[in-house]
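One file, input-v1.pdb, carrying PDB, C-alpha atoms:
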```pdb
ATOM      1  CA  MET A   1     216.463 -25.891 271.717
ATOM      2  CA  GLU A   2     215.096 -23.392 274.213
ATOM      3  CA  GLY A   3     215.389 -25.835 277.107
ATOM      4  CA  ASN A   4     219.119 -26.299 276.659
ATOM      5  CA  THR A   5     221.207 -24.631 279.306
ATOM      6  CA  ARG A   6     224.454 -23.034 278.296
ATOM      7  CA  ARG A   7     226.331 -25.493 280.501
ATOM      8  CA  SER A   8     224.798 -28.564 278.882
ATOM      9  CA  PHE A   9     225.301 -27.058 275.441
ATOM     10  CA  LEU A  10     228.998 -26.438 276.019
ATOM     11  CA  ALA A  11     229.370 -29.903 277.496
ATOM     12  CA  SER A  12     227.789 -31.452 274.420
ATOM     13  CA  ALA A  13     230.059 -29.356 272.214
ATOM     14  CA  GLY A  14     233.024 -30.692 274.137
ATOM     15  CA  MET A  15     231.856 -34.237 273.564
ATOM     16  CA  ALA A  16     231.431 -33.465 269.876
ATOM     17  CA  ALA A  17     235.013 -32.227 269.740
ATOM     18  CA  ALA A  18     236.232 -35.399 271.406
ATOM     19  CA  ALA A  19     234.208 -37.470 268.968
ATOM     20  CA  CYS A  20     235.518 -35.754 265.834
ATOM     21  CA  SER A  21     238.254 -38.305 265.291
ATOM     22  CA  ALA A  22     235.748 -41.129 265.729
ATOM     23  CA  LEU A  23     233.476 -39.973 262.918
ATOM     24  CA  PRO A  24     233.865 -41.742 259.572
ATOM     25  CA  LEU A  25     236.482 -40.038 257.423
ATOM     26  CA  PHE A  26     235.995 -39.352 253.741
ATOM     27  CA  SER A  27     238.818 -39.182 251.259
ATOM     28  CA  SER A  28     239.322 -36.222 248.967
ATOM     29  CA  ALA A  29     238.158 -38.412 246.086
ATOM     30  CA  GLU A  30     234.922 -39.272 247.901
ATOM     31  CA  LEU A  31     234.251 -35.654 248.845
ATOM     32  CA  SER A  32     234.892 -34.576 245.263
ATOM     33  CA  LYS A  33     231.962 -36.765 244.153
ATOM     34  CA  SER A  34     229.539 -34.485 245.996
ATOM     35  CA  PRO A  35     227.364 -32.309 243.737
ATOM     36  CA  PHE A  36     228.567 -29.363 245.850
ATOM     37  CA  ARG A  37     231.845 -27.486 246.052
ATOM     38  CA  ILE A  38     232.407 -28.208 249.734
ATOM     39  CA  SER A  39     234.655 -25.570 251.284
ATOM     40  CA  VAL A  40     235.668 -23.632 254.385
ATOM     41  CA  ILE A  41     236.177 -19.896 254.821
ATOM     42  CA  ASN A  42     239.916 -19.802 255.373
ATOM     43  CA  ASP A  43     240.159 -17.425 258.322
ATOM     44  CA  GLU A  44     237.684 -19.433 260.384
ATOM     45  CA  ILE A  45     240.658 -21.762 260.938
ATOM     46  CA  SER A  46     243.653 -19.437 261.184
ATOM     47  CA  GLN A  47     245.391 -16.403 259.704
ATOM     48  CA  ASP A  48     248.300 -18.684 258.745
ATOM     49  CA  PHE A  49     247.294 -19.442 255.167
ATOM     50  CA  ASP A  50     249.693 -22.347 254.642
ATOM     51  CA  HIS A  51     248.394 -24.035 257.794
ATOM     52  CA  VAL A  52     244.797 -23.390 256.736
ATOM     53  CA  CYS A  53     245.349 -25.003 253.354
ATOM     54  CA  TYR A  54     247.023 -28.010 254.983
ATOM     55  CA  VAL A  55     244.037 -28.497 257.295
ATOM     56  CA  VAL A  56     241.470 -28.011 254.519
ATOM     57  CA  SER A  57     243.242 -30.366 252.117
ATOM     58  CA  HIS A  58     244.902 -32.956 254.376
ATOM     59  CA  ASP A  59     242.641 -33.113 257.434
ATOM     60  CA  PHE A  60     239.265 -32.238 255.892
ATOM     61  CA  GLY A  61     239.959 -33.786 252.480
ATOM     62  CA  LEU A  62     238.492 -30.830 250.578
ATOM     63  CA  ASN A  63     239.364 -29.333 247.207
ATOM     64  CA  TRP A  64     237.896 -25.850 247.744
ATOM     65  CA  VAL A  65     238.490 -22.879 250.036
ATOM     66  CA  GLU A  66     236.752 -19.510 250.363
ATOM     67  CA  LEU A  67     239.063 -16.499 250.744
ATOM     68  CA  ARG A  68     238.294 -13.734 253.234
ATOM     69  CA  SER A  69     241.452 -12.709 255.103
ATOM     70  CA  MET A  70     244.949 -14.044 255.726
ATOM     71  CA  TRP A  71     248.096 -12.914 257.506
ATOM     72  CA  GLY A  72     246.035 -10.291 259.318
ATOM     73  CA  LYS A  73     244.762  -8.661 256.131
ATOM     74  CA  THR A  74     241.640  -8.847 254.010
ATOM     75  CA  THR A  75     242.292 -10.182 250.535
ATOM     76  CA  GLY A  76     241.845  -6.648 249.204
ATOM     77  CA  ALA A  77     244.826  -5.449 251.240
ATOM     78  CA  LEU A  78     247.259  -8.141 250.070
ATOM     79  CA  THR A  79     250.409  -7.036 248.268
ATOM     80  CA  ALA A  80     251.427  -8.490 244.913
ATOM     81  CA  ALA A  81     254.059 -10.601 246.674
ATOM     82  CA  GLU A  82     251.481 -11.912 249.160
ATOM     83  CA  ILE A  83     249.074 -12.801 246.344
ATOM     84  CA  ASP A  84     251.853 -14.707 244.604
ATOM     85  CA  GLU A  85     252.599 -16.564 247.844
ATOM     86  CA  ALA A  86     248.918 -17.394 248.354
ATOM     87  CA  LEU A  87     248.685 -18.753 244.803
ATOM     88  CA  LYS A  88     251.752 -20.945 245.402
ATOM     89  CA  ILE A  89     250.210 -22.293 248.619
ATOM     90  CA  LEU A  90     246.925 -23.090 246.861
ATOM     91  CA  ALA A  91     248.821 -24.948 244.143
ATOM     92  CA  LYS A  92     250.896 -26.792 246.761
ATOM     93  CA  TYR A  93     247.727 -28.230 248.316
ATOM     94  CA  ASN A  94     245.795 -28.546 245.040
ATOM     95  CA  LEU A  95     243.035 -26.222 246.234
ATOM     96  CA  GLN A  96     240.629 -24.085 244.204
ATOM     97  CA  VAL A  97     238.883 -20.884 245.317
ATOM     98  CA  THR A  98     235.084 -20.677 245.515
ATOM     99  CA  ASP A  99     234.891 -16.877 245.709
ATOM    100  CA  ILE A 100     236.428 -13.697 247.057
ATOM    101  CA  ALA A 101     234.559 -12.986 250.302
ATOM    102  CA  SER A 102     235.021  -9.230 250.149
ATOM    103  CA  PRO A 103     233.489  -6.686 252.597
ATOM    104  CA  LEU A 104     231.992  -4.750 249.655
ATOM    105  CA  PHE A 105     229.136  -2.457 250.752
ATOM    106  CA  LYS A 106     229.497  -3.334 254.436
ATOM    107  CA  THR A 107     229.421   0.347 255.276
ATOM    108  CA  ASP A 108     226.868   3.084 256.001
ATOM    109  CA  TRP A 109     224.562   4.338 253.270
ATOM    110  CA  PRO A 110     225.302   8.061 252.679
ATOM    111  CA  GLY A 111     222.665  10.469 253.921
ATOM    112  CA  ALA A 112     220.870   7.885 256.064
ATOM    113  CA  PRO A 113     220.788   8.016 259.877
ATOM    114  CA  LYS A 114     223.811   6.291 261.406
ATOM    115  CA  SER A 115     223.061   2.597 261.636
ATOM    116  CA  LYS A 116     222.898   0.903 265.035
ATOM    117  CA  GLU A 117     224.683  -2.003 263.365
ATOM    118  CA  SER A 118     227.568   0.093 262.013
ATOM    119  CA  SER A 119     230.681  -1.620 263.260
ATOM    120  CA  PRO A 120     234.126  -0.644 261.955
ATOM    121  CA  GLY A 121     235.651  -3.657 263.695
ATOM    122  CA  ASP A 122     233.497  -6.211 261.865
ATOM    123  CA  LEU A 123     235.188  -6.215 258.481
ATOM    124  CA  HIS A 124     237.426  -9.229 259.175
ATOM    125  CA  GLY A 125     240.576  -7.178 259.532
ATOM    126  CA  ALA A 126     239.693  -4.295 257.209
ATOM    127  CA  ALA A 127     239.658  -0.671 258.270
ATOM    128  CA  GLU A 128     236.317   1.158 258.084
ATOM    129  CA  VAL A 129     235.896   2.563 254.607
ATOM    130  CA  THR A 130     233.527   5.156 253.225
ATOM    131  CA  PHE A 131     230.886   4.884 250.555
ATOM    132  CA  LYS A 132     233.174   6.711 248.128
ATOM    133  CA  GLN A 133     235.737   3.914 248.367
ATOM    134  CA  GLN A 134     233.327   1.100 247.492
ATOM    135  CA  ASP A 135     233.925   1.339 243.738
ATOM    136  CA  GLU A 136     237.637   0.837 244.375
ATOM    137  CA  ILE A 137     236.887  -2.180 246.583
ATOM    138  CA  LEU A 138     234.743  -3.676 243.830
ATOM    139  CA  GLU A 139     237.449  -3.101 241.214
ATOM    140  CA  ARG A 140     240.045  -4.694 243.495
ATOM    141  CA  ALA A 141     237.797  -7.671 244.284
ATOM    142  CA  ILE A 142     237.171  -8.316 240.576
ATOM    143  CA  ALA A 143     240.911  -8.266 239.912
ATOM    144  CA  LEU A 144     241.478 -10.683 242.789
ATOM    145  CA  ALA A 145     238.766 -13.013 241.500
ATOM    146  CA  LYS A 146     240.580 -13.232 238.190
ATOM    147  CA  GLN A 147     243.937 -13.828 239.872
ATOM    148  CA  PHE A 148     242.497 -16.582 242.060
ATOM    149  CA  LYS A 149     240.528 -18.064 239.136
ATOM    150  CA  THR A 150     237.021 -17.679 240.519
ATOM    151  CA  ASP A 151     233.962 -16.018 238.969
ATOM    152  CA  LYS A 152     232.330 -14.847 242.220
ATOM    153  CA  VAL A 153     232.714 -11.820 244.500
ATOM    154  CA  ARG A 154     230.679 -11.547 247.718
ATOM    155  CA  CYS A 155     228.960  -8.310 248.762
ATOM    156  CA  PHE A 156     226.441  -6.911 251.260
ATOM    157  CA  ASP A 157     223.874  -4.130 251.075
ATOM    158  CA  PHE A 158     225.029  -1.638 253.720
ATOM    159  CA  TRP A 159     224.624  -1.508 257.473
ATOM    160  CA  ARG A 160     221.018  -1.941 258.505
ATOM    161  CA  ILE A 161     218.924   1.247 258.547
ATOM    162  CA  GLU A 162     216.011   1.311 260.987
ATOM    163  CA  ASP A 163     213.701   2.706 258.309
ATOM    164  CA  VAL A 164     215.232   1.688 255.000
ATOM    165  CA  ALA A 165     212.202   2.592 252.872
ATOM    166  CA  PRO A 166     213.377   6.111 251.839
ATOM    167  CA  TYR A 167     216.734   4.669 250.671
ATOM    168  CA  ARG A 168     215.785   1.225 249.404
ATOM    169  CA  ALA A 169     215.382   2.095 245.718
ATOM    170  CA  ALA A 170     218.761   3.861 245.617
ATOM    171  CA  ILE A 171     220.453   0.934 247.375
ATOM    172  CA  ASP A 172     218.897  -1.464 244.865
ATOM    173  CA  GLU A 173     220.197   0.664 242.006
ATOM    174  CA  LYS A 174     223.707   0.685 243.507
ATOM    175  CA  LEU A 175     223.625  -3.113 243.732
ATOM    176  CA  ARG A 176     222.383  -3.358 240.135
ATOM    177  CA  SER A 177     225.044  -1.031 238.767
ATOM    178  CA  ALA A 178     227.790  -2.856 240.690
ATOM    179  CA  ALA A 179     226.527  -6.161 239.309
ATOM    180  CA  GLU A 180     226.730  -4.761 235.783
ATOM    181  CA  VAL A 181     230.339  -3.675 236.389
ATOM    182  CA  ALA A 182     231.159  -7.183 237.636
ATOM    183  CA  GLY A 183     229.247  -8.824 234.800
ATOM    184  CA  LYS A 184     231.264  -7.011 232.140
ATOM    185  CA  GLU A 185     234.305  -8.753 233.620
ATOM    186  CA  GLY A 186     232.640 -12.167 233.709
ATOM    187  CA  ILE A 187     232.099 -12.021 237.473
ATOM    188  CA  LEU A 188     228.950 -12.747 239.505
ATOM    189  CA  LEU A 189     228.202 -10.360 242.379
ATOM    190  CA  VAL A 190     226.986 -12.564 245.234
ATOM    191  CA  LEU A 191     224.842 -10.821 247.880
ATOM    192  CA  GLU A 192     224.999 -12.349 251.353
ATOM    193  CA  ASN A 193     221.944 -12.012 253.552
ATOM    194  CA  GLU A 194     223.773 -10.578 256.584
ATOM    195  CA  PHE A 195     221.974 -10.086 259.906
ATOM    196  CA  ALA A 196     223.523  -6.625 260.427
ATOM    197  CA  CYS A 197     222.692  -5.348 256.933
ATOM    198  CA  ASN A 198     219.556  -4.282 255.101
ATOM    199  CA  THR A 199     219.084  -7.683 253.491
ATOM    200  CA  ALA A 200     219.263  -9.953 256.524
ATOM    201  CA  THR A 201     216.519 -12.569 256.194
ATOM    202  CA  GLY A 202     215.361 -14.972 253.541
ATOM    203  CA  ARG A 203     212.245 -12.939 252.855
ATOM    204  CA  GLU A 204     214.296  -9.748 252.547
ATOM    205  CA  ALA A 205     216.668 -11.572 250.191
ATOM    206  CA  ALA A 206     213.730 -12.597 248.007
ATOM    207  CA  ARG A 207     212.624  -8.946 247.862
ATOM    208  CA  THR A 208     216.089  -7.682 246.966
ATOM    209  CA  LEU A 209     216.629 -10.287 244.253
ATOM    210  CA  ASN A 210     213.255  -9.476 242.737
ATOM    211  CA  ALA A 211     214.073  -5.745 242.810
ATOM    212  CA  VAL A 212     217.563  -6.113 241.329
ATOM    213  CA  GLN A 213     216.962  -7.862 238.033
ATOM    214  CA  SER A 214     220.462  -8.506 236.754
ATOM    215  CA  PRO A 215     221.829 -11.836 235.502
ATOM    216  CA  HIS A 216     225.067 -10.923 237.278
ATOM    217  CA  PHE A 217     223.450 -10.487 240.720
ATOM    218  CA  VAL A 218     222.890 -13.650 242.777
ATOM    219  CA  LEU A 219     222.548 -14.806 246.390
ATOM    220  CA  ASN A 220     224.840 -16.243 249.015
ATOM    221  CA  TRP A 221     222.161 -17.984 251.113
ATOM    222  CA  ASP A 222     222.998 -17.943 254.850
ATOM    223  CA  PRO A 223     220.023 -19.315 256.803
ATOM    224  CA  ALA A 224     221.759 -18.938 260.187
ATOM    225  CA  ASN A 225     222.229 -15.209 259.530
ATOM    226  CA  ALA A 226     218.479 -15.011 258.963
ATOM    227  CA  VAL A 227     217.881 -16.789 262.282
ATOM    228  CA  MET A 228     220.194 -14.312 264.002
ATOM    229  CA  ARG A 229     217.965 -11.486 262.699
ATOM    230  CA  GLY A 230     214.909 -13.271 264.173
ATOM    231  CA  GLU A 231     213.667 -15.250 261.172
ATOM    232  CA  LEU A 232     213.483 -18.522 263.068
ATOM    233  CA  ASP A 233     211.748 -20.257 260.147
ATOM    234  CA  ALA A 234     214.580 -19.424 257.736
ATOM    235  CA  PHE A 235     214.493 -23.025 256.583
ATOM    236  CA  PRO A 236     212.240 -24.190 255.125
ATOM    237  CA  ALA A 237     209.641 -21.373 255.159
ATOM    238  CA  ALA A 238     211.816 -18.398 254.128
ATOM    239  CA  TRP A 239     213.855 -20.619 251.817
ATOM    240  CA  ASP A 240     210.663 -21.393 249.929
ATOM    241  CA  THR A 241     210.256 -17.697 249.044
ATOM    242  CA  LEU A 242     213.621 -17.447 247.271
ATOM    243  CA  PRO A 243     214.089 -17.525 243.483
ATOM    244  CA  LYS A 244     216.158 -20.723 243.632
ATOM    245  CA  HIS A 245     217.871 -20.280 240.264
ATOM    246  CA  ARG A 246     219.632 -17.236 241.709
ATOM    247  CA  VAL A 247     221.163 -19.038 244.699
ATOM    248  CA  HIS A 248     224.834 -19.509 243.777
ATOM    249  CA  HIS A 249     226.600 -19.794 247.141
ATOM    250  CA  CYS A 250     225.697 -21.067 250.614
ATOM    251  CA  HIS A 251     227.258 -20.401 254.023
ATOM    252  CA  CYS A 252     226.943 -23.202 256.532
ATOM    253  CA  LYS A 253     226.716 -22.430 260.248
ATOM    254  CA  ASN A 254     223.990 -22.648 262.901
ATOM    255  CA  ALA A 255     222.344 -20.726 265.734
ATOM    256  CA  ILE A 256     220.405 -21.650 268.848
ATOM    257  CA  LYS A 257     218.369 -19.872 271.491
ATOM    258  CA  GLY A 258     220.545 -19.798 274.611
ATOM    259  CA  ALA A 259     219.546 -20.135 278.246
ATOM    260  CA  GLU A 260     218.790 -16.396 278.487
ATOM    261  CA  GLY A 261     216.625 -16.461 275.367
ATOM    262  CA  LYS A 262     219.212 -14.759 273.147
ATOM    263  CA  ILE A 263     220.068 -16.177 269.738
ATOM    264  CA  GLU A 264     223.716 -17.243 269.616
ATOM    265  CA  TRP A 265     225.989 -19.095 267.214
ATOM    266  CA  ALA A 266     226.258 -22.858 267.446
ATOM    267  CA  PRO A 267     228.054 -25.780 265.772
ATOM    268  CA  VAL A 268     226.502 -26.861 262.483
ATOM    269  CA  ASP A 269     224.696 -29.880 263.959
ATOM    270  CA  LYS A 270     222.911 -27.923 266.717
ATOM    271  CA  GLY A 271     220.329 -25.223 266.157
ATOM    272  CA  PHE A 272     217.366 -24.030 264.142
ATOM    273  CA  ILE A 273     218.731 -25.087 260.743
ATOM    274  CA  ASP A 274     218.333 -28.737 259.765
ATOM    275  CA  TRP A 275     221.368 -28.874 257.516
ATOM    276  CA  ALA A 276     220.731 -32.380 256.217
ATOM    277  CA  ALA A 277     217.331 -31.170 254.976
ATOM    278  CA  GLN A 278     218.831 -27.950 253.567
ATOM    279  CA  PHE A 279     221.484 -29.938 251.687
ATOM    280  CA  ARG A 280     218.783 -32.249 250.301
ATOM    281  CA  ALA A 281     216.810 -29.206 249.129
ATOM    282  CA  LEU A 282     219.885 -27.844 247.352
ATOM    283  CA  LYS A 283     220.574 -31.213 245.732
ATOM    284  CA  GLU A 284     216.993 -31.430 244.484
ATOM    285  CA  LEU A 285     217.502 -28.081 242.714
ATOM    286  CA  GLY A 286     220.508 -29.427 240.855
ATOM    287  CA  TYR A 287     222.722 -27.022 242.823
ATOM    288  CA  HIS A 288     226.442 -27.375 242.044
ATOM    289  CA  ASP A 289     227.970 -24.308 243.691
ATOM    290  CA  ALA A 290     229.675 -23.941 247.061
ATOM    291  CA  VAL A 291     228.487 -24.972 250.491
ATOM    292  CA  SER A 292     231.056 -23.216 252.635
ATOM    293  CA  LEU A 293     231.621 -23.690 256.369
ATOM    294  CA  GLU A 294     231.568 -20.335 258.184
ATOM    295  CA  THR A 295     232.027 -21.488 261.771
ATOM    296  CA  HIS A 296     231.399 -18.237 263.725
ATOM    297  CA  TRP A 297     230.853 -20.361 266.865
ATOM    298  CA  HIS A 298     233.874 -20.205 269.171
ATOM    299  CA  GLY A 299     232.909 -22.634 271.924
ATOM    300  CA  ALA A 300     236.083 -24.699 271.688
ATOM    301  CA  ALA A 301     239.524 -23.582 272.851
ATOM    302  CA  THR A 302     240.608 -22.090 269.519
ATOM    303  CA  SER A 303     239.100 -21.037 266.200
ATOM    304  CA  GLU A 304     240.611 -24.096 264.568
ATOM    305  CA  GLU A 305     239.180 -26.478 267.155
ATOM    306  CA  SER A 306     235.768 -24.814 266.879
ATOM    307  CA  THR A 307     235.907 -25.205 263.102
ATOM    308  CA  ARG A 308     236.851 -28.879 263.459
ATOM    309  CA  VAL A 309     233.774 -29.433 265.640
ATOM    310  CA  SER A 310     231.532 -27.656 263.134
ATOM    311  CA  TRP A 311     233.123 -29.520 260.213
ATOM    312  CA  ALA A 312     232.313 -32.839 261.897
ATOM    313  CA  GLY A 313     228.655 -31.813 262.133
ATOM    314  CA  MET A 314     228.595 -30.468 258.581
ATOM    315  CA  LYS A 315     230.196 -33.644 257.233
ATOM    316  CA  GLN A 316     227.603 -35.789 259.000
ATOM    317  CA  ALA A 317     224.776 -33.634 257.622
ATOM    318  CA  LEU A 318     226.200 -34.013 254.113
ATOM    319  CA  LYS A 319     226.317 -37.776 254.600
ATOM    320  CA  ASP A 320     222.771 -37.887 256.018
ATOM    321  CA  SER A 321     221.490 -35.809 253.098
ATOM    322  CA  GLY A 322     222.953 -38.181 250.516
ATOM    323  CA  THR A 323     225.255 -35.518 249.092
ATOM    324  CA  LEU A 324     228.459 -37.426 249.826
TER     325      LEU A 324
END
```

Represent the structure contained in this file as structure tokens.
Amino acid sequence: MEGNTRRSFLASAGMAAAACSALPLFSSAELSKSPFRISVINDEISQDFDHVCYVVSHDFGLNWVELRSMWGKTTGALTAAEIDEALKILAKYNLQVTDIASPLFKTDWPGAPKSKESSPGDLHGAAEVTFKQQDEILERAIALAKQFKTDKVRCFDFWRIEDVAPYRAAIDEKLRSAAEVAGKEGILLVLENEFACNTATGREAARTLNAVQSPHFVLNWDPANAVMRGELDAFPAAWDTLPKHRVHHCHCKNAIKGAEGKIEWAPVDKGFIDWAAQFRALKELGYHDAVSLETHWHGAATSEESTRVSWAGMKQALKDSGTL
């Protein structure tokens, strides 16, 4: 990928967008035969939740959606009336929810040096919140999971600290205790390996899972996030280090090395992650949880168009892997 210029990459992305309609289409019934819960993070398409659900159900033929933000708010900020409206829209399009993609623990660890990664504007519409408010966010996310009939809530493990060693045991204990709170309510706490947080790579995820021994604490595997942190062998090498029985969610996106040598987001079918191979590896495990498109790449004219390009690549990878 290193030899690709940005110009040729964008040109190829444009051709992929033009070719989307030419790719073989799968019906909702065919997609439902996959061993996976194939979904899209809703706000990667639009903040208009009705439009999102139409696209996911009608255009993509999917039965699942992952909830992060809508109408300019994170799910945690929705009013009772807005939750009722969202539930009506989901029912209208016959969609189910994979998980609540909350920003839980995407904040600074108290007492640690201010993280270089700390970014109040990176909470998908949420205001920066303090450590003291995290228990309230967890409680709210659990309540939302029950309302939206899912058993999973996503979390992180705090903005990345340059030297995490003095704080690592306390962070692990916070994750464990939060998982126990979730578990008492029948909810799995799903840690995402996030490139800006303390668990960013596959190898770091393996360490955290081994340190936090709770049946209610599992992993949202995001190999492209690991690549963004510099783990270019996220799949298959880092993947091989993970306790596979604790992988219960998967985010699907990709990353390449651009013309200037910087890692940048890419459509699903271009980059370091061979998604057909990753899907085959999940299938071989007997994995039946979500594989959720998290576009992140914005090379097309709009977020929706970029997501359509990435969905075309993801759909082809699913087909090539034998999981459709």

Residues of stretch 85-109 of chain A within 6 Å of stretch 62-73 of chain A: nearest atom pair and distance (Å, one decimal) for each, counting only C-alpha atoms, sorted by chain and number, as a Markdown table?
```
| residue | atom | partner | partner_atom | distance |
| --- | --- | --- | --- | --- |
| A:Leu95 | CA | A:Asn63 | CA | 4.9 |
| A:Gln96 | CA | A:Trp64 | CA | 4.8 |
| A:Val97 | CA | A:Val65 | CA | 5.1 |
| A:Thr98 | CA | A:Glu66 | CA | 5.3 |
| A:Asp99 | CA | A:Glu66 | CA | 5.7 |
| A:Ile100 | CA | A:Leu67 | CA | 5.3 |
| A:Ala101 | CA | A:Arg68 | CA | 4.8 |
```

Original post:
In terms of the shortest atom-to-atom distance over all atoms listed in the file, which of A:Val164, A:Leu285, A:Val52, A:Ala143 is closest to A:Ala112?
Top reply: A:Val164

**OP:** Give the answer as one residue: which of A:Ala277, A:Ala301, A:Val153, A:Ala182 has the shortest atom-to-atom distance to A:Gly322, using all atoms listed in the file?
**Re:** A:Ala277

Please expand the PyMOL selection byres ((chain A and resi 189) around 7) into the concrete residues it hits in this file, giving the result as an mmCIF file with C-alpha atoms, keeping the file's coordinate frame.
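After the write, expr.cif holds the following:
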```cif
data_model
loop_
_atom_site.group_PDB
_atom_site.id
_atom_site.type_symbol
_atom_site.label_atom_id
_atom_site.label_comp_id
_atom_site.auth_asym_id
_atom_site.auth_seq_id
_atom_site.Cartn_x
_atom_site.Cartn_y
_atom_site.Cartn_z
ATOM 1 C CA LYS A 152 232.330 -14.847 242.220
ATOM 2 C CA VAL A 153 232.714 -11.820 244.500
ATOM 3 C CA ARG A 154 230.679 -11.547 247.718
ATOM 4 C CA CYS A 155 228.960 -8.310 248.762
ATOM 5 C CA ALA A 179 226.527 -6.161 239.309
ATOM 6 C CA ALA A 182 231.159 -7.183 237.636
ATOM 7 C CA ILE A 187 232.099 -12.021 237.473
ATOM 8 C CA LEU A 188 228.950 -12.747 239.505
ATOM 9 C CA VAL A 190 226.986 -12.564 245.234
ATOM 10 C CA LEU A 191 224.842 -10.821 247.880
ATOM 11 C CA HIS A 216 225.067 -10.923 237.278
ATOM 12 C CA PHE A 217 223.450 -10.487 240.720
ATOM 13 C CA VAL A 218 222.890 -13.650 242.777
#
```

**OP:** May I ask which of the residues A:Phe195, A:Phe131, A:Phe148, A:Tyr287 is the closest one to A:Cys250, counting all atoms listed in the file?
**Re:** A:Tyr287
